[in-house]
Amino acid sequence: TQLLEQSPQFLSIQEGENLTVYCNSSSVFSSLQWYRQEPGEGPVLLVTVVTGGEVKKLKRLTFQFGDARKDSSLHITAAQPGDTGLYLCAGASPGGKLIFGQGTELSVKP
Amino acid sequence: GAVVSQHPSRVICKSGTSVKIECRSLDFQATTMFWYRQFPKKSLMLMATSNEGSKATYEQGVEKDKFLINHASLTLSTLTVTSAHPEDSSFYICSANEGAITDTQYFGPGTRLTVL
């Protein structure tokens, strides 16, 4: 059974601080997606990483896919209150199913 | 592009009734759609994989007679919660795989089901 361990599960920080969320697995994924979800809404895709070692940037967000395609990280620089939400990583397994991490509940206080 | 809609966005029903939730891919064709259930402040739990023109594949522990899935066209999948009970109250989310190149899934906005 493929598992994706996401940490931390809860993070409360002050505006302007940096943070990193990690997703780790013993399994190899063909791709890994990061989503952000706000209460009462569906997850919104932030990025898909496909190639081992790949780094993608989305404004203040930096996503990294491990060389072996088993792990990924999301780094946010100078967090803002608008970054508050649930961040989910999900690895793609055969057949197109996504294996989700437990989620990281981020709260950025002004 | 890659927009997925769900209807209704929220529904309240009485115990014992059935509720149908629709999931549509608006600007692409989706041979595969997925149905998830999410509890408050928790991650998504996959219920079933829905393939156009064939029977859905259910995850272990999900009752297929309770949660009926129909994928009648390349842009529409439906989830029917039959004989709903209060414990079925939850946030149900569908997603669609755009297909060809990556395994990226695009999610609908979710349906909040409350069973009284």
# chains A, B, ... in the order shown; residues from 1 in each chain; ligands from 1
$ interface_residues --of "chain B" --to "chain A" --cutoff "12 Å" --atoms "only C-alpha atoms" --output "number ranges by chain"
B: 2-6, 9-10, 31-51, 57-59, 90-113
$ residues_around --residues "A:Ser7" --least-positions-apart "4" --cutoff "7 Å" --atoms "only C-alpha atoms" --output "list in words"
Val21, Tyr22, Cys23 and Thr104 of chain A
$ residues_around --residues "B:Ala72" --least-positions-apart "5" --cutoff "12 Å" --atoms "only C-alpha atoms" --output "PDB file with N, CA, C and O atoms, in the first residue's frame"
ATOM      1  N   GLU B  22     -24.181  15.638  -8.877  1.00  0.00           N
ATOM      2  CA  GLU B  22     -23.642  15.617 -10.239  1.00  0.00           C
ATOM      3  C   GLU B  22     -22.254  16.241 -10.293  1.00  0.00           C
ATOM      4  O   GLU B  22     -21.982  17.233  -9.621  1.00  0.00           O
ATOM      5  N   CYS B  23     -21.414  15.679 -11.121  1.00  0.00           N
ATOM      6  CA  CYS B  23     -20.059  16.193 -11.339  1.00  0.00           C
ATOM      7  C   CYS B  23     -19.861  16.331 -12.847  1.00  0.00           C
ATOM      8  O   CYS B  23     -20.038  15.350 -13.585  1.00  0.00           O
ATOM      9  N   ARG B  24     -19.522  17.518 -13.288  1.00  0.00           N
ATOM     10  CA  ARG B  24     -19.339  17.760 -14.721  1.00  0.00           C
ATOM     11  C   ARG B  24     -17.972  18.375 -15.016  1.00  0.00           C
ATOM     12  O   ARG B  24     -17.537  19.288 -14.311  1.00  0.00           O
ATOM     13  N   ALA B  30     -13.541  13.815 -19.768  1.00  0.00           N
ATOM     14  CA  ALA B  30     -12.901  13.064 -18.691  1.00  0.00           C
ATOM     15  C   ALA B  30     -13.316  11.604 -18.754  1.00  0.00           C
ATOM     16  O   ALA B  30     -14.441  11.268 -18.421  1.00  0.00           O
ATOM     17  N   THR B  31     -12.422  10.752 -19.208  1.00  0.00           N
ATOM     18  CA  THR B  31     -12.761   9.330 -19.230  1.00  0.00           C
ATOM     19  C   THR B  31     -12.788   8.759 -17.819  1.00  0.00           C
ATOM     20  O   THR B  31     -13.465   7.781 -17.555  1.00  0.00           O
ATOM     21  N   THR B  32     -12.078   9.423 -16.918  1.00  0.00           N
ATOM     22  CA  THR B  32     -12.043   8.955 -15.532  1.00  0.00           C
ATOM     23  C   THR B  32     -12.382  10.096 -14.582  1.00  0.00           C
ATOM     24  O   THR B  32     -11.829  11.187 -14.707  1.00  0.00           O
ATOM     25  N   MET B  33     -13.290   9.819 -13.686  1.00  0.00           N
ATOM     26  CA  MET B  33     -13.614  10.762 -12.618  1.00  0.00           C
ATOM     27  C   MET B  33     -13.496  10.034 -11.292  1.00  0.00           C
ATOM     28  O   MET B  33     -13.598   8.804 -11.235  1.00  0.00           O
ATOM     29  N   SER B  50     -14.496   6.313 -11.235  1.00  0.00           N
ATOM     30  CA  SER B  50     -15.606   6.192 -12.170  1.00  0.00           C
ATOM     31  C   SER B  50     -15.085   6.288 -13.601  1.00  0.00           C
ATOM     32  O   SER B  50     -14.446   7.263 -13.965  1.00  0.00           O
ATOM     33  N   ASN B  51     -15.332   5.253 -14.380  1.00  0.00           N
ATOM     34  CA  ASN B  51     -14.900   5.250 -15.774  1.00  0.00           C
ATOM     35  C   ASN B  51     -16.097   5.301 -16.688  1.00  0.00           C
ATOM     36  O   ASN B  51     -17.070   4.568 -16.488  1.00  0.00           O
ATOM     37  N   GLU B  52     -16.030   6.138 -17.716  1.00  0.00           N
ATOM     38  CA  GLU B  52     -17.127   6.318 -18.640  1.00  0.00           C
ATOM     39  C   GLU B  52     -17.474   4.993 -19.311  1.00  0.00           C
ATOM     40  O   GLU B  52     -16.612   4.303 -19.847  1.00  0.00           O
ATOM     41  N   GLY B  53     -18.735   4.640 -19.220  1.00  0.00           N
ATOM     42  CA  GLY B  53     -19.226   3.456 -19.901  1.00  0.00           C
ATOM     43  C   GLY B  53     -18.979   2.137 -19.201  1.00  0.00           C
ATOM     44  O   GLY B  53     -19.296   1.077 -19.749  1.00  0.00           O
ATOM     45  N   SER B  54     -18.416   2.177 -18.002  1.00  0.00           N
ATOM     46  CA  SER B  54     -18.193   0.923 -17.286  1.00  0.00           C
ATOM     47  C   SER B  54     -18.513   1.107 -15.799  1.00  0.00           C
ATOM     48  O   SER B  54     -18.761   2.219 -15.344  1.00  0.00           O
ATOM     49  N   LYS B  55     -18.493   0.004 -15.090  1.00  0.00           N
ATOM     50  CA  LYS B  55     -18.821   0.072 -13.656  1.00  0.00           C
ATOM     51  C   LYS B  55     -17.705   0.766 -12.874  1.00  0.00           C
ATOM     52  O   LYS B  55     -16.533   0.646 -13.215  1.00  0.00           O
ATOM     53  N   ALA B  56     -18.116   1.428 -11.824  1.00  0.00           N
ATOM     54  CA  ALA B  56     -17.136   2.111 -10.988  1.00  0.00           C
ATOM     55  C   ALA B  56     -16.336   1.105 -10.166  1.00  0.00           C
ATOM     56  O   ALA B  56     -16.808   0.001  -9.880  1.00  0.00           O
ATOM     57  N   SER B  77     -20.512  12.562 -14.335  1.00  0.00           N
ATOM     58  CA  SER B  77     -20.586  11.426 -13.426  1.00  0.00           C
ATOM     59  C   SER B  77     -21.524  11.819 -12.288  1.00  0.00           C
ATOM     60  O   SER B  77     -21.554  12.982 -11.887  1.00  0.00           O
ATOM     61  N   THR B  78     -22.291  10.851 -11.811  1.00  0.00           N
ATOM     62  CA  THR B  78     -23.196  11.126 -10.694  1.00  0.00           C
ATOM     63  C   THR B  78     -22.941  10.162  -9.552  1.00  0.00           C
ATOM     64  O   THR B  78     -22.595   8.995  -9.768  1.00  0.00           O
ATOM     65  N   LEU B  79     -23.116  10.679  -8.346  1.00  0.00           N
ATOM     66  CA  LEU B  79     -23.028   9.886  -7.120  1.00  0.00           C
ATOM     67  C   LEU B  79     -24.379   9.977  -6.439  1.00  0.00           C
ATOM     68  O   LEU B  79     -24.851  11.082  -6.152  1.00  0.00           O
TER      69      LEU B  79
END
$ residues_around --residues "B:Val115" --least-positions-apart "4" --cutoff "12 Å" --atoms "only C-alpha atoms" --output "PyMOL selection string"
chain B and resi 10-19+81-91
